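Asker: Quick one: structure below, then a few questions.
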Amino acid sequence: MNATAPTGPKAPPEDPVGRYDPRRMAFFHFMFSRFFGKHMRAGRVAAWGMPREYGARPLVVFANHPGWWDGVAFMLLSVALFPGRRMFTPMDKGALDKYAFMRRLGVFGVEGGTPRGAVAFLRTAEQVLSAPDRMLWMNAPGRFADVRERPVPIAPGMTRLPELAPDAIFVPLALDYPFWSERKAEMLCAFGEPIEGAALAALDRDARAQALSAALAATMDRLAEDAIARDPSRFVTLHQGREGMGGIYELWRRLRAALRGERFDARHDSRQEAG
């Protein structure tokens, strides 16, 4: 007797376009902005790395993956810099199951490490990129990777996208979270030179992966120069967090400055402007 695979209830297919809720997106953007302001010093985009006018074309924003904050960066950047577009982004299905509300924000689950998961991801990505007002934001390595790792890893699924969406524009995004002079980190970002999807699709997959990796590395290297300079004037500041130590000691400093008729500055290094 032949054994048969057990059958059970199947999870509903991912449909990020149908599930997207603009009202929930606006609410959670507000909440994430407050969360960011509490835990980060500032969100900055390099002046040279601001996004361009890409026309009525779908976009694939492919970023490095340095840390947990990447998802927050995606939301804040997409709302601030691409107001006429809807962002969609993949996330490990197991992790997304813990944050089901995110499915209403354009996030869709990916079953990693299986052919079935790869096929499902590509089908969903193709659906997302079928309209010119949509954007697919991805962490290109498919795993956490240090900003100094070279060559920048590119996940196999990333290299397949130009075949499915040759009309899309692929835009590298560099992310970094260095500590400067304050107790909270900076969120530094920069968009690099766009690449035509058709030009990538004309390459074989190995050459395509190398092209994507090189474009992302070049953007990351240039952003690193600005991060090392620690000069906020090189950036456009999109979000400003709270500065200073906080707590009872800062309250005492504020009171002492007020009693002396002095201007209070909460920053550790008053020479470094917030930008």
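How things are named: the first chain in the structure tokens is A, the next is B, and so on; residues count from 1 in each chain; ligands count from 1 in the order shown.
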As a PyMOL selection string, please: every residue in region 102-256 of chain A that DSSP puts in strand (DSSP E).

Answerer: chain A and resi 107-110+134-139+169-176+186-191+195-196+235-240

Asker: Taking 4 positions as the minimum chain separation for residues in the same chain, which residues sit within 12 Å of Glu163 (chain A) when counting only C-alpha atoms? Answer as number ranges by chain.

Answerer: A: 122-123, 125-126, 129, 157-159, 167-168, 196-205, 208

Asker: Could you tell me which of A:Met75, A:Arg52, A:Ala209, A:Gly106 comes closest to Pro22 (chain A) if we count only C-alpha atoms?

Answerer: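 Of the candidates, the smallest distance to Pro22 (chain A) is held by A:Gly106.
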
Asker: Within 9 Å of region 215-218 of chain A, counting only C-alpha atoms, which residues qualify if same-chain residues fewer than 3 places away don't, as a list in words?

Answerer: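 Listing them by chain and then by number gives Phe62, Ala63, Asn64, Ala140, Arg150, Pro151, Val152, Val171, Pro172, Leu173, Ala174, Gly192, Glu193, Pro194, Ile195, Gln210, Ala211, Leu212, Asp221, Arg222 and Leu223 of chain A.
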
Asker: How many Å separate CA of Gly43 (chain A) from CA of Leu238 (chain A)?

Answerer: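 Computed distance, CA of Gly43 (chain A) to CA of Leu238 (chain A), equals 5.6 Å.
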
Asker: Assign secondary structure with DSSP using the backbone only, and return the residues of region 18-139 of chain A in helix (DSSP H, G or I) as number ranges by chain.

Answerer: A: 18-19, 22-39, 47-49, 70-81, 93-105, 115-128

Asker: Given only C-alpha atoms, how would the per-residue table for region 137-234 of chain A near region 90-95 of chain A read, listing every residue at most 9 Å away with its closest atom pair and distance in Å to one decimal, sorted by chain and number, as JSON lines?

Answerer:
{"residue": "A:Trp137", "atom": "CA", "partner": "A:Pro90", "partner_atom": "CA", "distance": 7.7}
{"residue": "A:Met138", "atom": "CA", "partner": "A:Pro90", "partner_atom": "CA", "distance": 6.7}
{"residue": "A:Asn139", "atom": "CA", "partner": "A:Pro90", "partner_atom": "CA", "distance": 8.7}

Asker: Could you write out the selected residues, including N, CA, C and O atoms, as a PDB file, in the first residue's frame?

Answerer:
ATOM      1  N   TRP A 137      10.413  46.433  -1.524  1.00  0.00           N
ATOM      2  CA  TRP A 137      11.616  46.727  -0.748  1.00  0.00           C
ATOM      3  C   TRP A 137      12.140  45.412  -0.181  1.00  0.00           C
ATOM      4  O   TRP A 137      11.387  44.661   0.457  1.00  0.00           O
ATOM      5  N   MET A 138      13.431  45.159  -0.392  1.00  0.00           N
ATOM      6  CA  MET A 138      14.007  43.882   0.023  1.00  0.00           C
ATOM      7  C   MET A 138      15.377  44.082   0.657  1.00  0.00           C
ATOM      8  O   MET A 138      16.122  44.983   0.275  1.00  0.00           O
ATOM      9  N   ASN A 139      15.686  43.239   1.627  1.00  0.00           N
ATOM     10  CA  ASN A 139      17.060  43.112   2.115  1.00  0.00           C
ATOM     11  C   ASN A 139      17.755  42.114   1.199  1.00  0.00           C
ATOM     12  O   ASN A 139      17.516  40.908   1.264  1.00  0.00           O
TER      13      ASN A 139
END

Asker: Need to verify the contact set: Leu81 (chain A), 8 Å, only C-alpha atoms, exclusion of same-chain residues closer than 3 positions in sequence. Can you return it as a list in words?

Answerer: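 Final neighbour list, sorted by chain and number: Pro51, Leu77 and Ser78 of chain A.
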
Asker: I need the residue nearest Val45 (chain A) from this list: A:Phe88, A:Phe235, A:Phe74, A:Trp180. Use only C-alpha atoms for the distance.

Answerer: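 Among the listed residues, A:Phe235 lies closest to Val45 (chain A).
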
Asker: Counting only C-alpha atoms, what is within 8 Å of His65 (chain A), bar same-chain residues fewer than 3 positions away, as a compact mmCIF listing (two decimals) with C-alpha atoms, in the first residue's frame?

Answerer:
# COMPACT_ATOMS: atom_id res chain seq x y z
CA ASP A 70 15.82 47.83 8.70
CA ASN A 139 17.06 43.11 2.12
CA ALA A 140 19.16 41.80 -0.75
CA PRO A 141 21.40 39.44 1.29
CA GLY A 142 18.44 37.46 2.60
CA ARG A 143 20.16 37.34 6.00
CA PHE A 144 21.74 39.73 8.47
CA ALA A 145 25.13 40.87 7.15
CA ASP A 146 27.69 43.27 8.60
CA VAL A 147 28.14 46.52 6.67
CA LEU A 175 21.73 51.46 5.58

Asker: With only C-alpha atoms as the basis for distance, which of A:Lys184, A:Leu164, A:Gly112, A:Ile169 is at the shortest distance from Pro132 (chain A)?

Answerer: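 When distances to Pro132 (chain A) are compared using only C-alpha atoms, the smallest one comes from A:Ile169.
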
Asker: Smallest atom-to-atom distance to Arg86 (chain A): which of A:Arg242, A:Arg230, A:Arg57, A:Arg134, using only C-alpha atoms?

Answerer: A:Arg134

Asker: Which one is closest to Phe30 (chain A): A:Leu161, A:Val79, A:Ala185, A:Ala190? Count only C-alpha atoms.

Answerer: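 Closest to Phe30 (chain A) of all the choices is A:Val79.
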
Asker: From the list A:Pro115, A:Gly37, A:Gly49, A:Pro153, which residue is nearest Leu76 (chain A) when using only C-alpha atoms?

Answerer: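 Of the candidates, the smallest distance to Leu76 (chain A) is held by A:Gly37.
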
Asker: Hey, can you check how far CA of Thr237 (chain A) sits from CA of Phe179 (chain A)?

Answerer: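 Separating CA of Thr237 (chain A) from CA of Phe179 (chain A) is a distance of 15.8 Å.
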